[in-house]
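Step one of this worksheet: look at the structure below.
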Amino acid sequence: STTTGIDQGQGTTGYFIDDVPLTDQYYSIATPDIDTFDVDNVVVLRGPQGTLFGSSSLGGAVNYQAAKPDLENFGMHLQGSIESTAHGDIGGSGKVMVNVPIVTDTFAVRGVYVYRDIAGFIDNIGTGQKDANRTLIRGGRIEATWKPAPNTTVNYLFLDQTEDTRDLGYAEPALAGRYAKTTLIPETANFGTKIHNLRLDQDFGFATLTATATYHQKTQDTLVDQTAVFGGFFPGASLVTVGQPAKSTGTTYEVRLASSSGDRFEYVVGVYYDNTKEKVTNIGAGAGITNSIEAVYGPIFGAGIGALAAPNNVWLDAYIPADGREEAAFGEFTYHFSDEWKATLGGRLFDERLNSETKASGFYVLATGGAGLTTDTFGKQKASGFNPKGSITWTPSDDFMAYGLVSKGYRFGGPNVTPSTPADPVPASYTSDSLINYELGMRSNLLDNRLQLDATAFYIDWSNIQVHLLTSTNLNYATNGGKARSYGLESTATYFATDDLTLSTNVTYLNAALVDDFNPGGGQPIVPGGSTLPGASKWQVSNTVSYQWSESEWHPSIMLSHRYISKAPGTFLTGIPQGGYNLFDARVGVDFGNYAVTAYVANIGDTRGITGGQTGPLEQYLVRPRTIGLTFDYKM
């Protein structure tokens with residue numbers, strides 16, 4: 001990515017549940033944190049995945065496949081946990097799944113509810129709140145499956161989840177301490193997601209037709225203390241804040257036909273349509289601002305300027321109503337020349353349009369060089385193209401496979417909610433970016449399948465890269481910054497030393513940098529070509545050792561893991577390096593049949609690792625300190 005904070009537009013990785021998109025089309029409102037409780041598996045696909053998954057899959061796609069209702073058997077799964085975080089508080093979770101067959105073999109309902117209380121570990125010195133960054137994740141899903149005929153399945157999915165953070169969890173070590181911050185108010189961040197999805201799967205024997213219809217709704221409500229940044233504009237005002245309420249609603253439709261597997265010629269073809277409406281707002285407000293403006297700026301702009309420029313103490317009211325639409329036709333076709341050779345060709349033909357309007361009013365517009373108290377800018381974007389994909393695979397035996405792959409991905413552009421000023425020329429919108437990935441890989445099994453090795457070399461050419469920046473007054477915006485290139489190698493080795501002992505290691509080398517100089521404008525320094533992309537650590541290593549006493553009655557197990565990430569810049573222009581740390585975890589479990597107990601320690605060494613920064617070196621987001629916990633499971 002080009003940011004280690006929250007992407008203003010689409011992220012570079014797409015998230016899905018049962019193929020239903022969880023990411024937003026252009027401006028990021030909310031992406032729910034799906035709990036892996038009661039999922040069949042999680043599919044992680046290398047990027048780009050633009051052919052089948054469309055936009056926002058430059059870096060790949062993560063597809064949570066939820067456990068489907070069981071049409072025959074009643075089932076229940078209860079899980080509870082309690083954990084203690086160093087430098088912080090006690091947290092825990094409660095999760096429940098109930099599966100009820102209504103009509104055996106024909107209709108069943110499966111419900112999941114998750115409550116996660118994630119303990120805080122950052123003290124807010126300004127508000128006097130210890131462990132202020134506590135987060136509550138609440139919600140779940142209901143799935144109903146109807147099978148009216150042996151080859152026909154209808155599935156309905158309802159997902160409703162909220163994520164509420166009491167106070168943003170960054171540390172300001174230079175101002176408050178290693179695990180502390182200081183603001184005048186709690187900086188809250190609340191997000192919500194609702195999804196209704198109806199899916200039909202019809203098996204024709206030679207192929208399966210899948211048709212889906214989805215309604216999605218996202219909400220966001222954040223508030224930050226900007227007194228340190230804007231307080232100088234308003235002498236005498238005791239508090240200055242910026243809030244960002246936002247909402248999106250939309251519908252998504254997809255129809256695809258996939259051939260049965262095992263044939264010499266295999267295919268998947270389909271069409272896709274999405275229409276999403278969003279409204280994103282920036283509200284600058286505070287205590288005593290109207291009177292401050294009247295007293296300080298009245299002699300300059302005339303009597304009554306306080307009420308005109310900051311009615312009800314609101315000094316900035318900026319918002320974007322935006323309407324985006326995406327249409328696409330896609331397909332992948334695989335031909336098996338022989339048992340050893342196969343080739344795949346595919347592509348996605350897409351057309352996307354976005355109409356937006358950036359409106360802003362208030363003292364901020366006037367004070368930063370505007371011609372008056374209001375601005376109104378219309379934006380239109382249109383992008384269309386074809387994302388190709390091609391690969392060839394050689395499998396001379398069951399123990400070896402090699403392949404070459406070329407694929408392309410893209411990402412939506414979008415509007416900026418921050419108003420443009422002479423001091424900070426913010427573009428009304430930023431355009432789409434795209435990349436092409438060239439990849440060579442191999443997979444092998446050795447030592448009678450006890451040793452599995454794989455390696456992947458890649459080269460990525462990224463065009464019109466979206467860059468996320470800050471104005472001189474710390475407001476977010478996005479623009480486009482030319483080209484970037486990435487190349488590297490990923491390798492994994494898994495060794496089954498015995499039937500019970502497994503060892504695994506993964507090593508990734510990455511070199512990701514801008515190609516040309518990037519000039520943000522507005523007096524900001526030029527980012528030179530060759531600059532490493534934010535968060536692009538050159539080395540990442542993970543190691544795992546697990547042992548399970550399979551012959552024992554209670555199947556005890558133990559797992560030790562290690563992760564290393566090397567240093568990388570936090571942002572292009574501001575911030576401090578992140579990474580450069582090791583993390584060690586341990587987990588021990590015992591299974592008593594219907595009951596199971598697991599004890600775990602995360603971040604055993606209590607490493608203070610920096611994962612990113614928001615507005616500069618004063619704000620540091622950290623890995624969670626050492627956390628010790630117990631999890632209890634009951635199934636029937």
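Identifiers in this document derive from the order of the structure tokens: chains are assigned A, B, ..., residues are numbered from 1 separately in each chain, and ligands are numbered from 1 in order of occurrence.
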What's the 10 Å shell around A:Asp499, counting only C-alpha atoms, without same-chain residues fewer than 2 positions away, as a PyMOL selection string?
chain A and resi 450+496-497+501-502+547-550
Applying 7 Å and only C-alpha atoms, which residues near stretch 406-408 of chain A remain after dropping the ones on its own chain fewer than 3 positions away? List them as a CSV table (one decimal) with C-alpha atoms, in the first residue's frame.
```csv
chain,number,residue,atom,x,y,z
A,48,PRO,CA,-3.7,-9.1,-8.0
A,50,GLY,CA,-8.7,-8.3,-10.6
A,387,ASN,CA,-7.7,-6.6,-16.8
A,388,PRO,CA,-6.0,-9.6,-18.4
A,389,LYS,CA,-4.6,-12.8,-16.7
A,390,GLY,CA,-2.6,-15.6,-18.2
A,391,SER,CA,-0.7,-18.5,-16.7
A,435,LEU,CA,-0.6,-2.7,-11.6
A,436,ILE,CA,0.7,-5.7,-13.5
A,437,ASN,CA,2.2,-8.6,-11.7
A,438,TYR,CA,4.7,-11.0,-13.2
A,439,GLU,CA,5.3,-14.2,-11.3
```
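Backbone DSSP over stretch 358-578 of chain A yields helix (DSSP H, G or I) at Phe363, Tyr364, Val365, Leu366 and Ala367 of chain A.
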For stretch 618-625 of chain A, list every protein, DNA or RNA residue within 9 Å, evaluated using only C-alpha atoms, and leave out those in the same chain fewer than 3 positions away; present the list as a ChimeraX atom specification.
/A:85-88,121,169-175,179,181,575-576,578,602-615
Put those residues in a file: N, CA, C and O atoms, as a CSV table (one decimal), in the first residue's frame.
```
chain,number,residue,atom,x,y,z
A,85,THR,N,-3.8,-8.0,29.4
A,85,THR,CA,-2.8,-7.4,28.6
A,85,THR,C,-1.8,-6.6,29.5
A,85,THR,O,-2.3,-5.8,30.3
A,86,ALA,N,-0.5,-6.7,29.3
A,86,ALA,CA,0.5,-6.0,30.0
A,86,ALA,C,0.3,-4.5,29.8
A,86,ALA,O,-0.1,-4.1,28.7
A,87,HIS,N,0.6,-3.7,30.8
A,87,HIS,CA,0.4,-2.2,30.7
A,87,HIS,C,-1.1,-1.8,30.5
A,87,HIS,O,-1.4,-0.7,30.2
A,88,GLY,N,-2.0,-2.8,30.6
A,88,GLY,CA,-3.4,-2.6,30.3
A,88,GLY,C,-4.3,-3.2,31.2
A,88,GLY,O,-4.1,-3.4,32.4
A,121,PHE,N,-4.7,-0.5,26.5
A,121,PHE,CA,-3.4,-0.4,27.1
A,121,PHE,C,-2.7,0.9,26.9
A,121,PHE,O,-1.5,1.1,27.3
A,169,GLY,N,-6.1,4.4,19.8
A,169,GLY,CA,-5.1,3.8,20.6
A,169,GLY,C,-3.7,4.0,20.1
A,169,GLY,O,-2.9,3.1,20.0
A,170,TYR,N,-3.3,5.3,19.8
A,170,TYR,CA,-1.9,5.6,19.5
A,170,TYR,C,-1.2,6.1,20.7
A,170,TYR,O,-1.9,6.6,21.7
A,171,ALA,N,0.1,6.0,20.8
A,171,ALA,CA,0.9,6.5,21.9
A,171,ALA,C,1.6,7.8,21.4
A,171,ALA,O,2.0,7.9,20.2
A,172,GLU,N,1.9,8.7,22.4
A,172,GLU,CA,2.6,9.9,22.1
A,172,GLU,C,3.8,9.9,23.1
A,172,GLU,O,3.8,10.6,24.1
A,173,PRO,N,4.8,9.1,22.9
A,173,PRO,CA,5.9,9.0,23.9
A,173,PRO,C,6.6,10.3,24.2
A,173,PRO,O,7.1,10.5,25.3
A,174,ALA,N,6.7,11.1,23.2
A,174,ALA,CA,7.5,12.4,23.5
A,174,ALA,C,6.7,13.3,24.3
A,174,ALA,O,7.2,14.2,25.0
A,175,LEU,N,5.3,13.2,24.4
A,175,LEU,CA,4.5,14.1,25.2
A,175,LEU,C,3.9,13.4,26.4
A,175,LEU,O,3.7,14.1,27.4
A,179,TYR,N,3.4,4.3,26.7
A,179,TYR,CA,2.1,3.7,26.5
A,179,TYR,C,1.0,4.7,26.9
A,179,TYR,O,0.1,4.4,27.6
A,181,LYS,N,-1.0,8.8,25.8
A,181,LYS,CA,-1.3,9.9,24.9
A,181,LYS,C,-1.9,11.0,25.7
A,181,LYS,O,-2.2,10.9,26.9
A,575,GLY,N,6.5,11.1,9.9
A,575,GLY,CA,6.4,9.9,10.6
A,575,GLY,C,7.7,9.3,10.9
A,575,GLY,O,8.8,9.7,10.3
A,576,ILE,N,7.8,8.2,11.7
A,576,ILE,CA,9.0,7.6,12.1
A,576,ILE,C,9.0,6.2,11.5
A,576,ILE,O,7.9,5.7,11.1
A,578,GLN,N,8.8,2.2,11.1
A,578,GLN,CA,8.1,1.2,11.8
A,578,GLN,C,8.8,-0.2,11.6
A,578,GLN,O,9.7,-0.3,10.8
A,602,ALA,N,0.6,-14.2,23.9
A,602,ALA,CA,1.0,-13.5,22.7
A,602,ALA,C,2.0,-12.4,23.0
A,602,ALA,O,1.9,-11.8,24.1
A,603,ASN,N,3.0,-12.3,22.2
A,603,ASN,CA,4.1,-11.3,22.4
A,603,ASN,C,4.7,-11.6,23.7
A,603,ASN,O,4.7,-10.7,24.7
A,604,ILE,N,5.3,-12.8,23.8
A,604,ILE,CA,5.9,-13.2,25.1
A,604,ILE,C,7.0,-12.2,25.6
A,604,ILE,O,7.0,-12.0,26.8
A,605,GLY,N,7.8,-11.7,24.8
A,605,GLY,CA,8.8,-10.7,25.2
A,605,GLY,C,8.3,-9.3,25.5
A,605,GLY,O,9.2,-8.5,25.8
A,606,ASP,N,7.0,-9.1,25.4
A,606,ASP,CA,6.5,-7.8,25.6
A,606,ASP,C,7.2,-6.7,24.7
A,606,ASP,O,7.6,-5.6,25.2
A,607,THR,N,7.4,-7.0,23.5
A,607,THR,CA,8.0,-6.1,22.5
A,607,THR,C,7.2,-4.9,22.2
A,607,THR,O,6.0,-5.0,22.0
A,608,ARG,N,7.8,-3.8,22.2
A,608,ARG,CA,7.2,-2.5,21.9
A,608,ARG,C,7.5,-2.2,20.4
A,608,ARG,O,8.4,-1.6,20.1
A,609,GLY,N,6.6,-2.7,19.5
A,609,GLY,CA,6.8,-2.6,18.1
A,609,GLY,C,5.9,-1.6,17.5
A,609,GLY,O,4.7,-1.5,17.8
A,610,ILE,N,6.4,-0.7,16.6
A,610,ILE,CA,5.6,0.3,16.0
A,610,ILE,C,5.1,-0.2,14.7
A,610,ILE,O,5.8,-0.7,13.8
A,611,THR,N,3.8,-0.2,14.5
A,611,THR,CA,3.1,-0.7,13.3
A,611,THR,C,2.7,0.4,12.3
A,611,THR,O,2.4,0.1,11.2
A,612,GLY,N,2.7,1.7,12.8
A,612,GLY,CA,2.3,2.8,11.9
A,612,GLY,C,2.1,4.0,12.7
A,612,GLY,O,2.1,4.0,13.9
A,613,GLY,N,1.9,5.1,12.0
A,613,GLY,CA,1.7,6.4,12.6
A,613,GLY,C,0.6,7.1,11.8
A,613,GLY,O,0.5,6.9,10.6
A,614,GLN,N,-0.1,8.0,12.4
A,614,GLN,CA,-1.2,8.7,11.7
A,614,GLN,C,-0.8,10.0,11.1
A,614,GLN,O,-0.9,10.3,10.0
A,615,THR,N,-0.4,10.9,12.0
A,615,THR,CA,-0.1,12.3,11.5
A,615,THR,C,1.3,12.7,11.8
A,615,THR,O,1.6,13.9,11.6
```
Neighbouring residues of A:Ile137 were defined as those with any atom within 6 Å, considering only C-alpha atoms; residues of the same chain fewer than 3 positions away were excluded. Please report them as a list of chain:residue names.
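Once the adjacent positions are removed, what remains is A:Tyr115, A:Arg116, A:Thr162, A:Glu163.
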Which residues are near A:Thr208? Cut-off 6 Å, only C-alpha atoms, ignore same chain within fewer than 4 positions. Put them as a list in words.
Gln202, Asp203, Phe204, Leu257 and Ala258 of chain A
So that I can check the surroundings of A:Val280, please list as number ranges by chain every protein, DNA and RNA residue that reaches within 9 Å of it, counting only C-alpha atoms and ignoring chain neighbours fewer than 4 positions away.
A: 27, 29, 220, 244-248, 318-322, 417
Just to confirm, what's the straight-line distance from atom CA of A:Ser444 to atom CA of A:Ser491 in Å (one decimal)?
11.7 Å
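Taking atom CA of A:Ser356 as the reference point, atom CA of A:Ile195 is found at 24.3 Å.
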Spatial neighbours of A:Val365, max dist 8 Å, only C-alpha atoms, sep filter under 6 positions, as a PDB file with N, CA and C atoms, in the first residue's frame:
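Resulting contents of selection_34.pdb:
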```pdb
ATOM      1  N   LEU A 316     -15.898  24.515  10.389  1.00  0.00           N
ATOM      2  CA  LEU A 316     -15.740  23.827   9.103  1.00  0.00           C
ATOM      3  C   LEU A 316     -16.874  22.837   8.939  1.00  0.00           C
ATOM      4  N   GLY A 372     -14.282  33.360  -0.191  1.00  0.00           N
ATOM      5  CA  GLY A 372     -15.431  33.647   0.654  1.00  0.00           C
ATOM      6  C   GLY A 372     -15.547  32.592   1.725  1.00  0.00           C
ATOM      7  N   LEU A 373     -16.772  32.371   2.185  1.00  0.00           N
ATOM      8  CA  LEU A 373     -17.007  31.407   3.249  1.00  0.00           C
ATOM      9  C   LEU A 373     -17.406  30.038   2.733  1.00  0.00           C
ATOM     10  N   THR A 374     -17.608  29.900   1.430  1.00  0.00           N
ATOM     11  CA  THR A 374     -18.055  28.618   0.887  1.00  0.00           C
ATOM     12  C   THR A 374     -17.288  28.262  -0.383  1.00  0.00           C
ATOM     13  N   THR A 375     -17.163  26.976  -0.626  1.00  0.00           N
ATOM     14  CA  THR A 375     -16.657  26.451  -1.899  1.00  0.00           C
ATOM     15  C   THR A 375     -17.564  25.305  -2.323  1.00  0.00           C
ATOM     16  N   PRO A 419     -11.259  20.477   1.749  1.00  0.00           N
ATOM     17  CA  PRO A 419     -11.307  21.547   0.748  1.00  0.00           C
ATOM     18  C   PRO A 419      -9.918  21.992   0.331  1.00  0.00           C
ATOM     19  N   THR A 421      -7.106  24.751  -0.759  1.00  0.00           N
ATOM     20  CA  THR A 421      -6.757  26.139  -0.445  1.00  0.00           C
ATOM     21  C   THR A 421      -5.458  26.480  -1.156  1.00  0.00           C
TER      22      THR A 421
END
```
Tell me which of A:His468, A:Lys147, A:Lys635, A:His336 sits closest to A:Leu71, counting only C-alpha atoms.
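Result for the nearest residue to A:Leu71: A:Lys147.
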Could you list, with a cut-off of 10 Å and counting only C-alpha atoms, the residues of stretch 463-486 of chain A near stretch 525-532 of chain A, each shown with its nearest atom pair and the distance in Å rounded to one decimal, rows sorted by chain and ascending number, as a tab-separated table?
```
residue	atom	partner	partner_atom	distance
A:Gly481	CA	A:Val527	CA	9.6
A:Gly482	CA	A:Gly529	CA	9.9
A:Lys483	CA	A:Gly529	CA	9.3
A:Ala484	CA	A:Gly530	CA	8.7
A:Arg485	CA	A:Gly530	CA	9.4
A:Ser486	CA	A:Thr532	CA	9.6
```
Put those residues in a file: N, CA and C atoms, as a compact mmCIF listing (two decimals), in the first residue's frame.
```
# COMPACT_ATOMS: atom_id res chain seq x y z
N GLY A 481 0.55 9.68 -7.65
CA GLY A 481 1.97 9.99 -7.58
C GLY A 481 2.86 9.23 -8.53
N GLY A 482 2.43 8.98 -9.76
CA GLY A 482 3.32 8.37 -10.74
C GLY A 482 3.43 6.87 -10.60
N LYS A 483 4.66 6.35 -10.78
CA LYS A 483 4.87 4.91 -10.82
C LYS A 483 5.64 4.41 -9.61
N ALA A 484 5.40 3.14 -9.30
CA ALA A 484 6.19 2.42 -8.30
C ALA A 484 6.46 1.02 -8.83
N ARG A 485 7.56 0.45 -8.35
CA ARG A 485 7.90 -0.92 -8.75
C ARG A 485 8.27 -1.73 -7.52
N SER A 486 7.85 -2.99 -7.53
CA SER A 486 8.16 -3.90 -6.43
C SER A 486 8.65 -5.22 -7.01
```
Have a look at atom CA of A:Phe330 and atom CA of A:Tyr459 and let me know their distance in Å, one decimal.
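Interatomic distance here is 24.2 Å.
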Looking at A:Lys218, A:Arg626, A:Lys342, A:Lys382, which one is nearest to A:Ala119, with distances taken over only C-alpha atoms?
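For A:Ala119, the nearest of the given residues is A:Arg626.
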Apply DSSP to the structure's backbone, then extract all residues of stretch 2-200 of chain A labelled strand (DSSP E or B) and return them as number ranges by chain.
A: 13-17, 20-21, 39-46, 60-66, 75-85, 90-103, 107-118, 123-124, 129, 135-149, 152-165, 170-171, 180-181, 189-200
Restricting the calculation to only C-alpha atoms, which member of A:Pro186, A:Gly128, A:Gly284, A:Gly404 is positioned closest to A:Gly243?
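Residue with the minimum atom-to-atom distance to A:Gly243: A:Gly284.
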